[in-house]
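Have a look at work_32.cif below; it lists mmCIF, C-alpha atoms and all ligand atoms.
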```cif
data_start
#
loop_
_atom_site.label_atom_id
_atom_site.label_comp_id
_atom_site.auth_asym_id
_atom_site.auth_seq_id
_atom_site.Cartn_x
_atom_site.Cartn_y
_atom_site.Cartn_z
CA MET M 1 29.77 113.21 83.32
CA GLY M 2 27.24 110.61 82.22
CA VAL M 3 28.28 107.05 81.48
CA GLU M 4 26.43 104.16 80.00
CA THR M 5 24.52 102.29 82.68
CA ARG M 6 22.99 98.86 82.30
CA THR M 7 19.33 98.21 82.78
CA PRO M 8 18.34 95.16 84.80
CA HIS M 9 16.88 92.23 82.92
CA SER M 10 14.95 90.55 85.69
CA THR M 11 12.74 91.62 88.55
CA HIS M 12 15.41 92.75 90.94
CA VAL M 13 13.31 93.38 94.01
CA ARG M 14 12.00 89.82 93.73
CA SER M 15 15.51 88.47 93.27
CA LEU M 16 16.55 90.35 96.40
CA VAL M 17 14.08 88.37 98.47
CA VAL M 18 13.57 84.96 96.90
CA GLY M 19 16.72 84.72 94.86
CA GLU M 20 16.17 84.19 91.17
CA ASN M 21 19.94 84.25 91.08
CA ARG M 22 20.78 81.77 93.81
CA PRO M 23 24.46 82.62 94.40
CA LEU M 24 23.39 86.23 95.00
CA THR M 25 20.91 85.15 97.66
CA VAL M 26 23.36 82.70 99.20
CA SER M 27 25.95 85.48 99.57
CA ARG M 28 23.43 87.71 101.37
CA LEU M 29 22.21 84.93 103.65
CA ALA M 30 25.79 83.93 104.51
CA LEU M 31 26.68 87.46 105.63
CA VAL M 32 23.45 87.97 107.55
CA GLY M 33 23.89 84.58 109.28
CA LEU M 34 27.48 85.33 110.27
CA ALA M 35 26.64 88.83 111.50
CA VAL M 36 23.72 87.54 113.61
CA ALA M 37 25.83 84.67 115.00
CA PHE M 38 28.63 87.03 116.05
CA LEU M 39 26.16 89.51 117.56
CA GLY M 40 24.80 86.60 119.60
CA LEU M 41 28.28 85.59 120.73
CA ARG M 42 29.01 89.17 121.69
CA ALA M 43 25.78 89.40 123.70
CA ALA M 44 26.74 86.16 125.48
CA GLU M 45 30.23 87.63 126.08
CA VAL M 46 31.87 84.73 124.27
CA THR M 47 35.17 85.54 122.58
CA ILE M 48 36.73 83.29 119.95
CA PRO M 49 40.47 82.65 120.54
CA MET M 50 42.69 84.28 117.91
CA GLN M 51 44.19 80.91 116.92
CA TRP M 52 40.71 79.74 115.91
CA GLN M 53 39.96 82.96 114.06
CA ALA M 54 43.24 82.55 112.21
CA GLY M 55 42.30 78.96 111.30
CA VAL M 56 38.98 80.17 109.86
CA TYR M 57 40.78 82.91 107.87
CA LEU M 58 43.25 80.44 106.37
CA LEU M 59 40.51 77.95 105.52
CA GLY M 60 38.48 80.67 103.80
CA MET M 61 41.36 82.38 102.02
CA VAL M 62 43.52 79.41 101.03
CA ALA M 63 41.12 76.51 100.55
CA MET M 64 38.04 78.40 99.34
CA ASN M 65 39.03 81.77 97.86
CA LEU M 66 42.20 80.78 96.03
CA PRO M 67 40.61 78.16 93.74
CA HIS M 68 38.02 80.73 92.65
CA GLY M 69 40.79 83.23 91.83
CA GLY M 70 42.41 80.58 89.63
CA TYR M 71 39.11 79.85 87.94
CA GLU M 72 38.59 83.57 87.18
CA HIS M 73 41.75 83.71 85.06
CA PHE M 74 41.08 80.33 83.53
CA SER M 75 37.64 81.39 82.39
CA ASN M 76 38.89 84.81 81.24
CA LEU M 77 41.80 83.48 79.19
CA ARG M 78 39.83 80.88 77.22
CA ARG M 79 39.55 81.57 73.48
CA ARG M 80 41.50 84.82 73.66
CA GLY M 81 44.34 83.82 71.31
CA ILE M 82 47.98 83.08 72.07
CA ALA M 83 49.26 86.67 71.68
CA PHE M 84 46.79 88.04 74.22
CA GLN M 85 47.32 85.12 76.59
CA SER M 86 51.13 85.54 76.53
CA THR M 87 50.96 89.31 77.10
CA TYR M 88 48.53 88.77 79.97
CA LEU M 89 50.83 86.22 81.63
CA ALA M 90 53.92 88.41 81.16
CA LEU M 91 52.19 91.47 82.63
CA TYR M 92 50.86 89.37 85.47
CA LEU M 93 54.29 88.10 86.44
CA GLY M 94 55.72 91.63 86.07
CA GLY M 95 53.03 92.94 88.45
CA ILE M 96 53.91 90.27 91.01
CA GLY M 97 57.63 91.08 90.77
CA ALA M 98 57.01 94.82 91.19
CA PHE M 99 54.80 94.35 94.26
CA VAL M 100 57.28 91.93 95.91
CA ALA M 101 60.02 94.53 95.33
CA LEU M 102 57.84 97.23 96.93
CA PHE M 103 57.33 95.12 100.07
CA PHE M 104 61.10 94.66 100.41
CA LEU M 105 61.88 98.35 99.75
CA SER M 106 59.07 99.91 101.78
CA PRO M 107 56.95 97.45 103.79
CA VAL M 108 54.68 100.19 105.16
CA LEU M 109 53.83 101.38 101.64
CA GLY M 110 53.43 97.72 100.68
CA LEU M 111 50.88 97.29 103.48
CA ALA M 112 48.96 100.37 102.31
CA VAL M 113 48.88 99.03 98.73
CA ALA M 114 47.81 95.58 100.00
CA CYS M 115 44.83 97.14 101.81
CA GLY M 116 44.11 99.16 98.63
CA VAL M 117 44.10 95.96 96.57
CA ALA M 118 41.53 94.35 98.88
CA VAL M 119 39.38 97.51 98.60
CA ALA M 120 39.75 97.66 94.79
CA LYS M 121 38.96 93.97 94.36
CA GLY M 122 35.89 94.03 96.57
CA GLY M 123 34.74 97.42 95.25
CA HIS M 124 35.21 97.09 91.49
CA GLY M 125 34.37 93.39 91.52
CA GLY M 126 31.15 94.25 93.33
CA LEU M 127 30.26 97.03 90.91
CA HIS M 128 30.43 94.67 87.93
CA VAL M 129 28.34 92.09 89.76
CA MET M 130 25.71 94.81 90.21
CA ASP M 131 25.91 95.70 86.51
CA ALA M 132 25.16 92.09 85.59
CA THR M 133 22.62 91.15 88.25
CA THR M 134 20.54 93.76 90.06
CA GLY M 135 21.36 96.60 87.63
CA THR M 136 22.93 100.03 88.11
CA GLY M 137 20.27 102.33 86.70
CA HIS M 138 20.53 104.50 89.82
CA LEU M 139 24.29 105.09 89.28
CA GLN M 140 24.16 107.81 86.65
CA SER M 141 27.67 109.26 86.72
CA ARG M 142 31.28 108.17 87.02
CA VAL M 143 31.42 109.79 90.44
CA GLN M 144 28.49 107.70 91.63
CA ARG M 145 30.07 104.50 90.26
CA ALA M 146 33.37 105.36 91.96
CA LEU M 147 31.53 106.04 95.21
CA ALA M 148 29.63 102.74 94.93
CA ALA M 149 32.93 100.87 94.48
CA ALA M 150 34.59 102.80 97.33
CA VAL M 151 31.72 102.00 99.71
CA ARG M 152 31.65 98.28 98.84
CA GLY M 153 35.43 97.92 98.91
CA GLY M 154 35.92 100.28 101.85
CA ALA M 155 33.70 98.09 104.00
CA VAL M 156 36.37 95.36 103.80
CA MET M 157 39.26 97.41 105.26
CA VAL M 158 38.04 100.78 106.55
CA VAL M 159 35.13 99.52 108.68
CA PRO M 160 37.29 96.88 110.49
CA LEU M 161 40.04 99.48 111.03
CA PHE M 162 37.42 101.52 112.88
CA ALA M 163 35.65 98.63 114.64
CA PHE M 164 38.61 96.42 115.63
CA PRO M 165 41.58 98.78 115.95
CA GLY M 166 43.64 96.54 118.27
CA THR M 167 43.53 93.47 116.01
CA PHE M 168 43.97 95.62 112.91
CA HIS M 169 47.09 97.21 114.34
CA THR M 170 48.54 93.88 115.53
CA PHE M 171 48.19 92.24 112.12
CA SER M 172 49.41 95.33 110.29
CA SER M 173 52.60 95.22 112.44
CA LEU M 174 53.01 91.51 111.72
CA MET M 175 52.62 92.04 107.97
CA VAL M 176 55.19 94.85 107.93
CA GLY M 177 57.39 92.84 110.31
CA ILE M 178 57.72 90.05 107.74
CA PHE M 179 60.12 92.38 105.89
CA GLU M 180 61.28 94.84 108.53
CA PRO M 181 60.32 94.19 112.17
CA GLY M 182 59.23 97.34 114.00
CA ALA M 183 58.88 99.43 110.84
CA LEU M 184 55.27 100.35 111.66
CA GLY M 185 56.32 101.76 115.04
CA PRO M 186 56.76 105.42 113.98
CA TYR M 187 53.20 105.48 112.60
CA ALA M 188 51.57 104.12 115.78
CA ALA M 189 51.13 107.61 117.29
CA ASN M 190 48.74 108.62 114.47
CA PHE M 191 46.73 105.42 114.57
CA GLU M 192 43.76 106.69 116.62
CA THR M 193 43.42 109.85 114.49
CA THR M 194 43.60 107.75 111.30
CA ARG M 195 40.96 105.41 112.71
CA LEU M 196 38.52 108.22 113.51
CA LEU M 197 39.08 110.00 110.20
CA ALA M 198 38.68 106.74 108.27
CA GLY M 199 35.51 105.79 110.17
CA GLY M 200 33.98 109.27 109.74
CA GLY M 201 34.98 109.39 106.05
CA TYR M 202 33.43 105.98 105.45
CA ALA M 203 30.14 106.96 107.13
CA LEU M 204 30.02 110.12 105.00
CA ALA M 205 30.74 108.17 101.80
CA LEU M 206 28.07 105.58 102.63
CA GLY M 207 25.48 108.28 103.40
CA THR M 208 26.31 110.21 100.21
CA HIS M 209 26.19 107.06 98.10
CA LEU M 210 22.81 106.00 99.49
CA GLY M 211 21.40 109.54 99.21
CA LEU M 212 22.55 110.16 95.60
CA GLY M 213 21.32 106.72 94.55
CA PHE M 214 17.92 107.40 96.14
CA VAL M 215 17.56 110.71 94.31
CA ARG M 216 18.50 109.06 91.00
CA ARG M 217 16.61 105.77 91.48
CA ASP M 218 14.95 104.57 88.27
CA GLY M 219 12.12 102.43 89.57
CA SER M 220 13.86 99.16 88.66
CA GLY M 221 14.67 98.25 92.25
CA SER M 222 18.41 98.55 91.63
CA TRP M 223 18.79 101.23 94.31
CA VAL M 224 17.05 99.06 96.92
CA ALA M 225 19.33 96.10 96.11
CA ASP M 226 22.43 98.31 96.24
CA ALA M 227 21.36 99.97 99.50
CA VAL M 228 20.62 96.62 101.16
CA ASP M 229 24.00 95.20 100.07
CA SER M 230 25.99 98.30 101.06
CA VAL M 231 24.42 98.47 104.52
CA LEU M 232 24.75 94.69 104.94
CA LEU M 233 28.46 94.83 104.10
CA ALA M 234 29.12 97.74 106.46
CA GLY M 235 27.14 96.02 109.25
CA TYR M 236 28.91 92.69 108.72
CA PHE M 237 32.37 94.25 109.01
CA LEU M 238 31.24 96.29 112.00
CA VAL M 239 30.22 93.25 114.07
CA VAL M 240 32.21 90.23 112.83
CA PRO M 241 35.81 90.18 114.18
CA VAL M 242 38.10 91.36 111.39
CA VAL M 243 40.16 88.21 110.84
CA VAL M 244 37.08 85.98 110.52
CA ALA M 245 35.19 88.69 108.63
CA VAL M 246 37.83 89.17 105.91
CA GLY M 247 38.60 85.44 105.73
CA LEU M 248 34.97 84.54 105.03
CA TYR M 249 34.03 87.62 102.99
CA PHE M 250 36.21 86.60 100.05
CA PRO M 251 34.76 83.09 99.57
CA PHE M 252 31.20 83.79 100.71
CA TRP M 253 30.67 87.23 99.20
CA TYR M 254 33.29 88.05 96.57
CA SER M 255 33.52 84.58 94.97
CA ALA M 256 29.82 83.75 95.37
CA ARG M 257 28.91 87.05 93.72
CA GLN M 258 31.26 86.51 90.79
CA VAL M 259 29.47 83.19 90.32
CA ALA M 260 26.21 85.18 90.39
CA ARG M 261 27.61 87.44 87.64
CA GLU M 262 28.57 84.42 85.54
CA VAL M 263 25.12 82.89 86.02
CA GLU M 264 23.60 86.08 84.56
CA ILE M 265 25.93 86.29 81.56
CA ASP M 266 25.83 82.56 80.85
CA GLY M 267 25.15 81.94 77.17
CA ARG M 268 25.64 85.62 76.34
CA ASP M 269 29.41 85.67 76.74
CA SER M 270 30.48 86.90 73.30
CA ARG M 271 34.11 86.85 74.50
CA LEU M 272 33.89 83.06 74.41
CA ASP M 273 32.39 82.82 70.94
CA PRO M 274 34.94 80.93 68.80
CA ASP M 275 33.52 82.54 65.64
CA GLU M 276 34.53 85.97 66.92
CA SER M 277 38.08 84.92 67.71
CA ASP M 278 40.49 86.21 65.06
CA GLU M 279 43.22 83.81 66.11
CA THR M 280 43.26 80.06 65.79
CA ALA M 281 46.29 79.42 68.04
CA ASP M 282 45.15 79.31 71.65
CA LEU M 283 47.04 78.01 74.68
CA LEU M 284 43.78 76.57 76.02
CA GLY M 285 42.42 75.33 72.68
CA PHE M 286 42.22 71.73 73.92
CA LEU M 287 39.31 72.78 76.13
CA ASP M 288 37.18 73.00 72.99
CA SER M 289 37.80 69.34 72.16
CA GLU M 290 34.83 67.17 71.18
CA ASP M 291 36.17 64.55 73.58
CA THR M 292 34.87 65.27 77.10
CA ARG M 293 37.80 63.37 78.64
CA VAL M 294 40.24 65.77 76.98
CA VAL M 295 38.23 68.73 78.29
CA THR M 296 37.97 67.32 81.84
CA LEU M 297 41.59 66.25 82.13
CA GLY M 298 42.74 69.41 80.35
CA ALA M 299 40.85 71.62 82.82
CA TRP M 300 42.31 69.61 85.69
CA GLY M 301 45.80 69.99 84.23
CA VAL M 302 45.45 73.77 83.87
CA LEU M 303 44.27 74.10 87.46
CA VAL M 304 47.11 71.89 88.72
CA VAL M 305 49.69 73.98 86.83
CA GLY M 306 48.09 77.13 88.29
CA SER M 307 48.09 75.65 91.77
CA VAL M 308 51.74 74.51 91.62
CA ALA M 309 52.79 77.93 90.24
CA THR M 310 50.86 79.75 93.00
CA PHE M 311 52.18 77.66 95.87
CA GLY M 312 55.65 77.77 94.30
CA LEU M 313 55.50 81.58 94.40
CA ALA M 314 54.28 81.47 98.00
CA ALA M 315 57.18 79.16 98.93
CA LEU M 316 59.63 81.50 97.18
CA LEU M 317 58.31 84.53 99.05
CA TYR M 318 58.43 82.58 102.33
CA THR M 319 62.04 81.63 101.68
CA LEU M 320 63.11 85.14 100.66
CA SER M 321 61.35 86.93 103.53
CA PRO M 322 63.62 87.67 106.49
CA ASN M 323 60.84 86.96 109.01
CA PRO M 324 58.04 85.10 107.17
CA LEU M 325 55.67 84.65 110.11
CA GLY M 326 56.36 88.12 111.50
CA GLY M 327 57.72 86.47 114.67
CA SER M 328 54.32 84.98 115.56
CA THR M 329 52.80 81.48 115.75
CA LEU M 330 52.10 79.34 112.70
CA LEU M 331 48.40 80.22 112.42
CA VAL M 332 48.52 83.91 113.41
CA GLY M 333 51.77 84.50 111.50
CA GLY M 334 50.24 82.46 108.67
CA VAL M 335 47.38 84.96 108.42
CA ALA M 336 49.88 87.83 108.12
CA PHE M 337 51.99 85.97 105.54
CA TRP M 338 49.01 84.86 103.48
CA SER M 339 47.51 88.37 103.52
CA VAL M 340 50.76 89.74 102.08
CA PHE M 341 51.03 86.94 99.54
CA VAL M 342 47.40 87.02 98.40
CA SER M 343 47.61 90.81 97.98
CA ILE M 344 50.73 90.36 95.85
CA ILE M 345 48.94 88.01 93.48
CA ALA M 346 45.69 89.99 93.66
CA LEU M 347 47.25 93.27 92.49
CA PRO M 348 47.77 92.07 88.90
CA HIS M 349 44.48 90.17 89.26
CA VAL M 350 42.77 93.58 89.39
CA VAL M 351 45.17 95.63 87.24
CA VAL M 352 45.87 93.09 84.48
CA GLY M 353 42.82 90.83 84.82
CA SER M 354 40.40 93.72 84.67
CA TRP M 355 41.76 97.21 83.98
CA PHE M 356 44.23 96.19 81.22
CA ASP M 357 41.69 93.80 79.71
CA HIS M 358 38.99 96.31 78.67
CA ASP M 359 37.22 94.00 76.20
CA GLY M 360 36.88 91.07 78.52
CA GLY M 361 38.42 90.78 81.93
CA ILE M 362 37.69 88.76 85.02
CA TRP M 363 34.58 90.87 85.76
CA TYR M 364 33.27 90.78 82.21
CA VAL M 365 29.73 91.99 81.65
CA PRO M 366 28.53 92.02 78.03
C1 LIG T 401 45.68 94.84 107.28
C2 LIG T 401 44.93 93.73 107.97
C3 LIG T 401 44.53 92.57 107.32
C4 LIG T 401 44.76 92.57 105.86
C5 LIG T 401 44.31 91.74 104.95
C6 LIG T 401 44.50 91.87 103.53
C7 LIG T 401 45.32 92.98 102.97
C8 LIG T 401 43.87 90.97 102.75
C9 LIG T 401 43.88 90.97 101.34
C10 LIG T 401 43.11 90.11 100.66
C11 LIG T 401 43.01 90.03 99.24
C12 LIG T 401 43.68 91.00 98.36
C13 LIG T 401 42.26 89.00 98.76
C14 LIG T 401 42.03 88.73 97.41
O1 LIG T 401 41.38 87.79 97.00
C15 LIG T 401 43.86 91.42 108.07
C16 LIG T 401 44.64 90.13 107.89
C17 LIG T 401 42.44 91.21 107.61
C18 LIG T 401 43.83 91.65 109.59
C19 LIG T 401 43.59 93.05 109.96
C20 LIG T 401 44.65 93.95 109.41
#
```
Take the structure from the file and write it as structure tokens.
Amino acid sequence: MGVETRTPHSTHVRSLVVGENRPLTVSRLALVGLAVAFLGLRAAEVTIPMQWQAGVYLLGMVAMNLPHGGYEHFSNLRRRGIAFQSTYLALYLGGIGAFVALFFLSPVLGLAVACGVAVAKGGHGGLHVMDATTGTGHLQSRVQRALAAAVRGGAVMVVPLFAFPGTFHTFSSLMVGIFEPGALGPYAANFETTRLLAGGGYALALGTHLGLGFVRRDGSGSWVADAVDSVLLAGYFLVVPVVVAVGLYFPFWYSARQVAREVEIDGRDSRLDPDESDETADLLGFLDSEDTRVVTLGAWGVLVVGSVATFGLAALLYTLSPNPLGGSTLLVGGVAFWSVFVSIIALPHVVVGSWFDHDGGIWYVP
């Protein structure tokens, strides 16, 4: 079935190389640089201790990725009216509550959903970035768009499951062990089969996606940009050790690319046009003040409230969990705990912040 596709509005092949949209170029260079550096380390037979890898993950995911997640909601909720803002917040908190309950009731299912959230966020987030930046003229059906999202998102979890099975299994056990130590045990026997099926399935999906896109390319350069990014993502997760790879992917690829999307839609964001808002009451109305001090301090206040709420939720989960660090050290157990927590807050990020919010959403493209 055909769907509306967006045509690019700049010379995409040029932007691929010299970077008309700087954040887009920065994200590509960051991944290439990291992949080359880790290939070099591997050639020199240097291994990075897991404690260090865990430190890098926490730096990337807590200090760098989290503030961008907060900003995404902040920017999305501006000028949307109090009724919408309240519903959004209520659904968001409901989503968090439901996912916490799932982890307590069935930690293995919780782990599967957590991995699915990372795939959905990277995949669908990436698709919208493409819509806004390099274009998606070569994606001419819903199936192709779904495949594009699956390939981009799948790189984040499926490729590392194939490439780093030992680490993947260790951290999966730790994450499940936060709620029920040993609960992953019965599934261990099928791990190698799952790994091979997942790796083979991913390679097939990537090949099909690239092939279909090539056949339907529209001369705009969008297929080239998509192919380069898809292969780059798969290669990055194939060579960079999974904990470092995931920890740096979210700030240096996901967040940087959402900035790239915003750069493209800047000034064309009809969602933020006060004349189109049918409601005057707005929880964030003070951000439209004429006084720049009110705007600056108001923005700071919103981010502080968001930060306190987020870390408060993390502290609550830590307190409620029977085994918050999965029985491991502070840094390694911290990676497991943070991965569970960030997935819990990222589920409504995707479901409420994007899928419920058809007209706007965190990945808005006009
Ligand atoms: C299973 C597994 C992992 C899971 C990470 C997850 C599930 C991260 C989710 C991140 C999200 C949702 C970020 C949103 O901004 C690790 C720690 C990489 C180690 C390897 C095994």
Exercise for the section: List every protein, DNA or RNA residue that has an atom no more than 12 Å from (52.3, 98.8, 88.7) in the file's coordinate frame, counting only C-alpha atoms, and report them as a PyMOL selection string. Expected result: chain M and resi 91-102+113+117+344+347-352+355-356
Exercise for the section: Could you pull out the residues sitting within 7 Å of ligand LIG 401 (chain T), using all atoms listed in the file, and write them as a list in words? Expected result: Asn65, Gly69, Leu111, Ala114, Cys115, Val117, Ala118, Lys121, Thr167, Phe168, His169, Phe171, Ser172, Val242, Val243, Val246, Phe250, Val335, Ala336, Ser339, Val340, Val342, Ser343 and Ala346 of chain M
Expected file: the selected residues, C-alpha atoms, as an mmCIF file, in the frame of the given file:
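Output file part11.cif follows:
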```
data_model
loop_
_atom_site.group_PDB
_atom_site.id
_atom_site.type_symbol
_atom_site.label_atom_id
_atom_site.label_comp_id
_atom_site.auth_asym_id
_atom_site.auth_seq_id
_atom_site.Cartn_x
_atom_site.Cartn_y
_atom_site.Cartn_z
ATOM 1 C CA ASN M 65 39.030 81.770 97.860
ATOM 2 C CA GLY M 69 40.790 83.230 91.830
ATOM 3 C CA LEU M 111 50.880 97.290 103.480
ATOM 4 C CA ALA M 114 47.810 95.580 100.000
ATOM 5 C CA CYS M 115 44.830 97.140 101.810
ATOM 6 C CA VAL M 117 44.100 95.960 96.570
ATOM 7 C CA ALA M 118 41.530 94.350 98.880
ATOM 8 C CA LYS M 121 38.960 93.970 94.360
ATOM 9 C CA THR M 167 43.530 93.470 116.010
ATOM 10 C CA PHE M 168 43.970 95.620 112.910
ATOM 11 C CA HIS M 169 47.090 97.210 114.340
ATOM 12 C CA PHE M 171 48.190 92.240 112.120
ATOM 13 C CA SER M 172 49.410 95.330 110.290
ATOM 14 C CA VAL M 242 38.100 91.360 111.390
ATOM 15 C CA VAL M 243 40.160 88.210 110.840
ATOM 16 C CA VAL M 246 37.830 89.170 105.910
ATOM 17 C CA PHE M 250 36.210 86.600 100.050
ATOM 18 C CA VAL M 335 47.380 84.960 108.420
ATOM 19 C CA ALA M 336 49.880 87.830 108.120
ATOM 20 C CA SER M 339 47.510 88.370 103.520
ATOM 21 C CA VAL M 340 50.760 89.740 102.080
ATOM 22 C CA VAL M 342 47.400 87.020 98.400
ATOM 23 C CA SER M 343 47.610 90.810 97.980
ATOM 24 C CA ALA M 346 45.690 89.990 93.660
#
```
Problem - Residue among M:Ala54, M:Ala44, M:Ala149, M:Val26 lying closest to Pro251 of chain M, counting all atoms listed in the file - result: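 Closest to Pro251 of chain M, using all atoms listed in the file: M:Val26.
From atom CA of Gly353 of chain M back to atom CA of Leu174 of chain M, the distance works out to 28.8 Å.
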Exercise for the section: Find, counting only C-alpha atoms, the residue in M:Ala30, M:Val365, M:Ala146, M:Leu283 that gets nearest to Asp266 of chain M. Expected result: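 Nearest to Asp266 of chain M: M:Val365.
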Practice task
List the neighbours of segment 181-195 of chain M out to 10 Å using all atoms listed in the file; skip same-chain residues closer than 3 positions along the sequence, and give me the result as a list in words.
Solution key: Ser106, Pro107, Val108, Leu111, Val158, Val159, Pro160, Leu161, Phe162, Ala163, Phe164, Pro165, His169, Ser172, Ser173, Leu174, Met175, Val176, Gly177, Ile178, Ala198, Gly199, Gly200, Gly201, Pro322, Asn323, Gly326 and Gly327 of chain M
Practice task
To one decimal in Å, tell me the separation between atom CA of Arg145 of chain M and atom CA of Leu31 of chain M.
Solution key: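 Rounded to one decimal, the two atoms are 23.2 Å apart.
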Problem - One-decimal distance in Å that lies between atom CA of Pro67 of chain M and atom CA of Ala260 of chain M - result: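 Pair atom CA of Ala260 of chain M / atom CA of Pro67 of chain M returns 16.4 Å.
Closest approach to Val308 of chain M among M:Gly334, M:Gly70, M:Val240, M:Val215: M:Gly70, based on all atoms listed in the file.
Among M:Gln258, M:Thr310, M:Ser220, M:Gln85, the residue with the shortest atom-to-atom distance to Leu127 of chain M, counting all atoms listed in the file, is M:Gln258.
Non-sequential neighbours of Asn21 of chain M (distance at most 8 Å, separation of 4 or more positions within a chain, all atoms listed in the file) are Ser15, Thr25, Thr133, Ala260, Val263 and Glu264 of chain M.
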Exercise for the section: Within 12 Å of (24.2, 108.1, 97.5) (coordinates as in the file), grab all the protein and nucleic acid residues, counting all atoms listed in the file, and write them out as a PyMOL selection string. Expected result: chain M and resi 138-141+143-151+203-217+223-224+226-227+230-231
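Restricting the calculation to only C-alpha atoms, the smallest distance between Gly40 of chain M and any of M:Leu24, M:Phe337, M:Val239, M:Val56 is found for M:Val239.
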Practice task
Could you check which of M:His358, M:His68, M:His124, M:Arg78 is closest to Gly285 of chain M, using all atoms listed in the file?
Solution key: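 The answer is M:Arg78, which sits nearest to Gly285 of chain M.
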